[in-house]
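Enquirer: Below is one structure. I have some questions about it.
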Amino acid sequence: MNKELIINVAPQGVEIALLEDKKLVELHNEKTDARFAVGDLYLGKVKKLIPGLNAAFVDVGFEKDAFLHYTDLSPYAKSLLKFTHMCMNDKSETGLDYSRFTVEPEIIKTGKINEVLSGKPNILVQILKEPIAAKGPRLSCEISLPGRFVVLTPFNDIVAVSRKIHSSEERKRLQKIVEAIKSKNFGVIVRTAAEGKNTAELHEDLSSLVATWKTIQTNLKGAVAPAKILSEQTKTTSILRDLLNADFNRIVINDKNIFNDTKNYIQRIAPDKAEIVSFYQNGSPIFDSFGITKQVKSSFGKTVNLDSGAYLIIEHTEALHVIDVNSGYKSVSNNQEQNALETNLEAAEEIARQLRLRDIGGIIVVDFIDMKLPDNKRKLMEKMEEYMATDRAKHAVLPISKFGLMQITRQRMKPEMNIQTQEVCPSCNGTGKISSTLLLEDEIEKNLSYLNTHNHGSLKLVVHPILYAYLTKGWFWQTKVHKWRKKFGQKIKVEENTNYHLTEYRFFNQHEEEIKM
């Protein structure tokens, strides 16, 4: 699979498109004034404790207080509170020596939030979910700093290896290396990308994360809540950090500064891939050149067409998303069951892409075309899981129910991407109604009367072909144009233009200059 990252930099922000085999699968927007992104660290002030919900509301500077549930507190919440307090009040020049920090006992999973956050203290929190609709951000106290090969988790000494690394020998090797190089009071999660990496590469990645943790300590010193302590990396670098692998064969950027930053970042994390970054300076919009604009227009509507002629209807309700699969005009075979299976498999692949592309989260209910055979239902289920495997968001796919419905749950991290693909009709401005032709005729006549008093010489009226037919129908001396010529004693020529919308008309003088009305 070939992966390409196309980055369009505009004054209002950065648009990032991820293509897999030329097909758009992810689209990210990063606004220049973006705040409260997933992964950002804030110093928050506990404002309200809700024992009934076993949760707290925390002021992090957003217009609405952020939500922190007890289950997101982390077993090391008491250590985090202690660490936050010590850093904020640290008066030394050298700063807090984290290696000598005494970790507090873990809190129990079934405890009460008002027992942990009594006194409404200041606390270091990480954005778990961006603000969505009327809700503020969701927070977590389980601080994690992701790197290319490892994730650093403060206040514990646990080393865990990704389950996606299947070789037991490789898992043991990585565990031994990390246990030997990690510092005290740090836990480490070894990512799938670490498979096959040597000690030097892992140590470099781990050292950069430890340096980030020291930056957090420095930023906490003297901070007053609410305050931003550390920003997550830009979308570009975070995508590269998480996705960059041997499949990536091109990164194209239309901004010199971001091109240089990206080139330097890749030079640091994967020097062998530095040559895949290129600067775009073709002149035409970058998304148009790579066919992304067209894919966006065809992929974000309510109806999504498939190659076979089948189509999806995607609708959003308050509680869930509903996707309806409809068969098309092409038949794969004369067997109805086989047709249903082939259409459902094609739809499953597109649905998996749509979930990633639109970043749809929560509950998704898919109404596939009915199939009788259990083997076909099982095959569809397996294929759906296969197509969803590349999705980085946590998800679960349930078997098809007896009603022919498949339920999918997908982690909701940020607001769903919703791009308006329909354009407002220039004739009716979205109302669905236009002025009567008779009234339009009167409007043109009034304008002719006004122009007649300004001595423009001969006039040319350009209109839509339908309006042209109306104005010139019948015998010449019976047409509207002939009557206007007689009434105003002026030469008037009428021409049609297919590019005009139905009720559009323009006047031109004898020098072919448009007369603004």
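Every chain in the structure tokens takes a letter, A first, then B, and so on in the order presented; its residues are numbered from 1, and the ligands are numbered from 1 following the presented order.
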Among segment 17-139 of chain A, which ones does DSSP place in alpha helix (DSSP H), written as a list in words?
Expert: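 Of segment 17-139 of chain A, the ones in alpha helix (DSSP H) are Ala77, Lys78, Ser79, Leu80, Leu81, Lys82, Phe83, Thr84, His85, Met86, Cys87, Met88, Ile113, Asn114, Glu115 and Val116 of chain A.
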Enquirer: So which residues touch Trp484 of chain A within 10 Å, counting only C-alpha atoms, skipping near sequence neighbours fewer than 6 positions away, as an mmCIF file with N, CA, C and O atoms, in the first residue's frame?
Expert:
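This is the output file result-v3.cif:
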data_model
loop_
_atom_site.group_PDB
_atom_site.id
_atom_site.type_symbol
_atom_site.label_atom_id
_atom_site.label_comp_id
_atom_site.auth_asym_id
_atom_site.auth_seq_id
_atom_site.Cartn_x
_atom_site.Cartn_y
_atom_site.Cartn_z
ATOM 1 N N GLU A 445 -37.407 45.761 -18.059
ATOM 2 C CA GLU A 445 -37.975 46.936 -18.728
ATOM 3 C C GLU A 445 -37.703 48.213 -17.944
ATOM 4 O O GLU A 445 -37.390 49.261 -18.524
ATOM 5 N N LEU A 448 -34.163 49.171 -18.597
ATOM 6 C CA LEU A 448 -34.036 49.735 -19.942
ATOM 7 C C LEU A 448 -34.490 51.192 -19.963
ATOM 8 O O LEU A 448 -33.881 52.049 -20.618
ATOM 9 N N SER A 449 -35.560 51.454 -19.218
ATOM 10 C CA SER A 449 -36.081 52.821 -19.156
ATOM 11 C C SER A 449 -35.041 53.742 -18.525
ATOM 12 O O SER A 449 -34.828 54.874 -18.975
ATOM 13 N N GLN A 490 -34.655 52.777 -29.198
ATOM 14 C CA GLN A 490 -33.236 52.461 -29.035
ATOM 15 C C GLN A 490 -32.945 51.065 -29.582
ATOM 16 O O GLN A 490 -33.776 50.159 -29.496
ATOM 17 N N LYS A 491 -31.753 50.901 -30.138
ATOM 18 C CA LYS A 491 -31.356 49.601 -30.670
ATOM 19 C C LYS A 491 -31.001 48.676 -29.505
ATOM 20 O O LYS A 491 -30.109 48.997 -28.707
ATOM 21 N N ILE A 492 -31.681 47.564 -29.425
ATOM 22 C CA ILE A 492 -31.442 46.606 -28.339
ATOM 23 C C ILE A 492 -31.200 45.235 -28.948
ATOM 24 O O ILE A 492 -32.048 44.704 -29.677
#
Enquirer: I need the residue nearest Leu459 of chain A from this list: A:Tyr500, A:Phe508, A:Phe488, A:Trp475. Use only C-alpha atoms for the distance.
Expert: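 Result for the nearest residue to Leu459 of chain A: A:Phe508.
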Enquirer: Residues of segment 44-146 of chain A that approach segment 226-230 of chain A to 6 Å or less, counting only C-alpha atoms: could you list each one with the shortest pair of atoms and its distance in Å to one decimal, rows by chain and increasing residue number, as a tab-separated table?
Expert:
residue	atom	partner	partner_atom	distance
A:Gly44	CA	A:Pro226	CA	5.0
A:Val60	CA	A:Pro226	CA	4.8
A:Gly61	CA	A:Pro226	CA	5.4
Enquirer: How would the residues just picked look written out with all heavy atoms as a compact mmCIF listing (two decimals), in the first residue's frame?
Expert:
# COMPACT_ATOMS: atom_id res chain seq x y z
N GLY A 44 -5.01 22.88 35.64
CA GLY A 44 -6.42 23.19 35.86
C GLY A 44 -6.73 23.39 37.33
O GLY A 44 -5.99 22.96 38.22
N VAL A 60 -10.00 24.88 32.85
CA VAL A 60 -8.74 24.87 32.11
C VAL A 60 -8.65 26.06 31.14
O VAL A 60 -7.80 26.10 30.26
CB VAL A 60 -8.54 23.55 31.34
CG1 VAL A 60 -8.32 22.39 32.29
CG2 VAL A 60 -9.72 23.28 30.39
N GLY A 61 -9.58 27.02 31.31
CA GLY A 61 -9.57 28.21 30.46
C GLY A 61 -10.57 28.17 29.33
O GLY A 61 -10.70 29.14 28.59
Enquirer: Go through A:Leu27, A:Leu80, A:Leu139, A:Ala55 one by one, measure the shortest atom-to-atom distance of each to Gly39 of chain A using only C-alpha atoms, and give the residue with the smallest value.
Expert: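 Closest to Gly39 of chain A of all the choices is A:Leu139.
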Enquirer: Write out as a PDB file with C-alpha atoms, in the first residue's frame the residues lying within 6 Å of segment 268-285 of chain A, counting only C-alpha atoms and excluding same-chain residues fewer than 2 positions away.
Expert:
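Full text of around.pdb as output:
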ATOM      1  CA  ASN A 249       6.379   7.201  -0.440  1.00  0.00           C
ATOM      2  CA  ARG A 250       5.572  10.911  -0.696  1.00  0.00           C
ATOM      3  CA  ILE A 251       4.935  13.991   1.432  1.00  0.00           C
ATOM      4  CA  VAL A 252       4.087  17.153  -0.508  1.00  0.00           C
ATOM      5  CA  ILE A 253       3.842  20.588   1.163  1.00  0.00           C
ATOM      6  CA  ASN A 254       3.050  23.999  -0.339  1.00  0.00           C
ATOM      7  CA  TYR A 265      11.688  16.218  11.739  1.00  0.00           C
ATOM      8  CA  ILE A 266      11.879  13.246   9.358  1.00  0.00           C
ATOM      9  CA  PHE A 287      -5.502  19.790  -3.409  1.00  0.00           C
ATOM     10  CA  ASP A 288      -6.798  20.262  -6.959  1.00  0.00           C
TER      11      ASP A 288
END
Enquirer: Can you tell me, as a list in words, what residues are no more than 12 Å from Lys120 of chain A when counting only C-alpha atoms, ignoring any on the same chain fewer than 2 positions away?
Expert: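 Neighbouring residues, sequence-local ones excluded: Gly44, Lys45, Val46, Lys47, Lys48, Leu49, Ile50, Ala56, Phe57, Val58, Asp59, Leu81, Ile113, Asn114, Glu115, Val116, Leu117, Ser118, Asn122 and Ile123 of chain A.
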Enquirer: Give me a file of those residues, with all heavy atoms, as a short mmCIF file (atom, residue, chain, number, x, y, z; two decimals), in the first residue's frame.
Expert:
data_model
loop_
_atom_site.label_atom_id
_atom_site.label_comp_id
_atom_site.auth_asym_id
_atom_site.auth_seq_id
_atom_site.Cartn_x
_atom_site.Cartn_y
_atom_site.Cartn_z
N GLY A 44 -5.01 22.88 35.64
CA GLY A 44 -6.42 23.19 35.86
C GLY A 44 -6.73 23.39 37.33
O GLY A 44 -5.99 22.96 38.22
N LYS A 45 -7.83 24.09 37.58
CA LYS A 45 -8.31 24.32 38.94
C LYS A 45 -9.64 23.60 39.11
O LYS A 45 -10.59 23.84 38.36
CB LYS A 45 -8.49 25.83 39.16
CG LYS A 45 -9.21 26.20 40.46
CD LYS A 45 -8.35 25.93 41.68
CE LYS A 45 -9.05 26.39 42.96
NZ LYS A 45 -8.30 26.00 44.17
N VAL A 46 -9.71 22.67 40.09
CA VAL A 46 -10.96 21.95 40.35
C VAL A 46 -11.99 22.93 40.85
O VAL A 46 -11.79 23.62 41.85
CB VAL A 46 -10.73 20.81 41.38
CG1 VAL A 46 -12.06 20.12 41.69
CG2 VAL A 46 -9.71 19.80 40.85
N LYS A 47 -13.12 23.03 40.14
CA LYS A 47 -14.16 24.01 40.49
C LYS A 47 -15.35 23.40 41.22
O LYS A 47 -15.93 24.02 42.09
CB LYS A 47 -14.67 24.68 39.20
CG LYS A 47 -13.61 25.42 38.41
CD LYS A 47 -13.20 26.71 39.06
CE LYS A 47 -14.28 27.75 38.89
NZ LYS A 47 -13.81 29.11 39.16
N LYS A 48 -15.70 22.18 40.83
CA LYS A 48 -16.90 21.57 41.40
C LYS A 48 -16.74 20.05 41.45
O LYS A 48 -16.28 19.45 40.48
CB LYS A 48 -18.12 21.94 40.54
CG LYS A 48 -19.46 21.62 41.17
CD LYS A 48 -20.61 21.92 40.20
CE LYS A 48 -20.70 23.40 39.88
NZ LYS A 48 -21.84 23.70 38.99
N LEU A 49 -17.10 19.45 42.58
CA LEU A 49 -17.10 18.00 42.73
C LEU A 49 -18.54 17.50 42.71
O LEU A 49 -19.39 18.03 43.43
CB LEU A 49 -16.41 17.60 44.04
CG LEU A 49 -14.92 17.96 44.15
CD1 LEU A 49 -14.42 17.73 45.57
CD2 LEU A 49 -14.09 17.15 43.17
N ILE A 50 -18.81 16.49 41.90
CA ILE A 50 -20.17 15.93 41.77
C ILE A 50 -20.13 14.48 42.23
O ILE A 50 -19.85 13.57 41.42
CB ILE A 50 -20.68 16.01 40.32
CG1 ILE A 50 -20.43 17.40 39.72
CG2 ILE A 50 -22.15 15.63 40.25
CD1 ILE A 50 -21.24 18.50 40.34
N ALA A 56 -15.56 15.42 38.48
CA ALA A 56 -15.26 16.81 38.84
C ALA A 56 -15.29 17.67 37.59
O ALA A 56 -15.03 17.18 36.48
CB ALA A 56 -13.89 16.90 39.51
N PHE A 57 -15.61 18.94 37.78
CA PHE A 57 -15.50 19.91 36.70
C PHE A 57 -14.29 20.79 36.98
O PHE A 57 -14.13 21.30 38.09
CB PHE A 57 -16.78 20.74 36.58
CG PHE A 57 -17.91 19.99 35.96
CD1 PHE A 57 -18.87 19.36 36.75
CD2 PHE A 57 -18.01 19.89 34.58
CE1 PHE A 57 -19.90 18.64 36.18
CE2 PHE A 57 -19.05 19.18 34.00
CZ PHE A 57 -19.99 18.54 34.80
N VAL A 58 -13.43 20.93 35.97
CA VAL A 58 -12.14 21.59 36.13
C VAL A 58 -12.04 22.77 35.18
O VAL A 58 -12.36 22.65 33.98
CB VAL A 58 -10.99 20.59 35.86
CG1 VAL A 58 -9.64 21.26 36.10
CG2 VAL A 58 -11.12 19.34 36.72
N ASP A 59 -11.59 23.90 35.68
CA ASP A 59 -11.39 25.09 34.85
C ASP A 59 -10.01 25.01 34.20
O ASP A 59 -8.98 25.04 34.88
CB ASP A 59 -11.49 26.34 35.73
CG ASP A 59 -11.28 27.64 34.93
OD1 ASP A 59 -11.32 27.57 33.68
OD2 ASP A 59 -11.07 28.69 35.56
N LEU A 81 -0.89 15.09 42.06
CA LEU A 81 -1.24 16.28 42.84
C LEU A 81 -0.03 16.80 43.61
O LEU A 81 0.24 18.00 43.64
CB LEU A 81 -2.38 15.94 43.82
CG LEU A 81 -3.78 15.79 43.22
CD1 LEU A 81 -4.72 15.12 44.21
CD2 LEU A 81 -4.33 17.16 42.82
N ILE A 113 -14.28 10.39 44.12
CA ILE A 113 -13.47 11.50 43.62
C ILE A 113 -13.29 12.61 44.65
O ILE A 113 -12.26 13.27 44.70
CB ILE A 113 -14.07 12.06 42.30
CG1 ILE A 113 -13.00 12.88 41.55
CG2 ILE A 113 -15.32 12.89 42.58
CD1 ILE A 113 -13.29 13.11 40.10
N ASN A 114 -14.31 12.81 45.52
CA ASN A 114 -14.19 13.87 46.52
C ASN A 114 -13.17 13.52 47.60
O ASN A 114 -12.71 14.39 48.33
CB ASN A 114 -15.56 14.19 47.14
CG ASN A 114 -16.28 12.96 47.64
OD1 ASN A 114 -16.08 11.87 47.10
ND2 ASN A 114 -17.10 13.12 48.67
N GLU A 115 -12.79 12.22 47.71
CA GLU A 115 -11.74 11.83 48.65
C GLU A 115 -10.36 12.15 48.09
O GLU A 115 -9.42 12.44 48.83
CB GLU A 115 -11.84 10.33 48.96
CG GLU A 115 -13.12 9.93 49.68
CD GLU A 115 -13.27 8.41 49.75
OE1 GLU A 115 -12.39 7.69 49.21
OE2 GLU A 115 -14.27 7.95 50.34
N VAL A 116 -10.24 12.11 46.76
CA VAL A 116 -8.94 12.36 46.11
C VAL A 116 -8.72 13.85 45.86
O VAL A 116 -7.62 14.38 46.05
CB VAL A 116 -8.83 11.58 44.78
CG1 VAL A 116 -7.49 11.83 44.11
CG2 VAL A 116 -9.05 10.10 45.01
N LEU A 117 -9.78 14.55 45.45
CA LEU A 117 -9.65 15.97 45.07
C LEU A 117 -10.30 16.89 46.11
O LEU A 117 -10.80 17.96 45.77
CB LEU A 117 -10.28 16.21 43.70
CG LEU A 117 -9.69 15.43 42.52
CD1 LEU A 117 -10.41 15.78 41.23
CD2 LEU A 117 -8.19 15.71 42.38
N SER A 118 -10.30 16.49 47.36
CA SER A 118 -10.86 17.34 48.41
C SER A 118 -10.03 18.62 48.51
O SER A 118 -8.81 18.62 48.36
CB SER A 118 -10.85 16.60 49.75
OG SER A 118 -9.53 16.24 50.09
N ASN A 122 -5.27 22.59 42.54
CA ASN A 122 -4.79 22.70 41.17
C ASN A 122 -4.20 21.35 40.77
O ASN A 122 -3.59 20.66 41.61
CB ASN A 122 -3.70 23.77 41.05
CG ASN A 122 -4.23 25.16 41.31
OD1 ASN A 122 -5.37 25.46 40.98
ND2 ASN A 122 -3.42 26.01 41.92
N ILE A 123 -4.38 20.96 39.51
CA ILE A 123 -3.89 19.66 39.08
C ILE A 123 -3.48 19.69 37.61
O ILE A 123 -4.10 20.41 36.80
CB ILE A 123 -4.97 18.57 39.32
CG1 ILE A 123 -4.41 17.17 39.06
CG2 ILE A 123 -6.22 18.83 38.51
CD1 ILE A 123 -5.31 16.05 39.54
#
Enquirer: Tell me which of A:Val159, A:Leu220, A:Met86, A:Val188 sits closest to Phe101 of chain A, counting only C-alpha atoms.
Expert: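 Result for the nearest residue to Phe101 of chain A: A:Met86.
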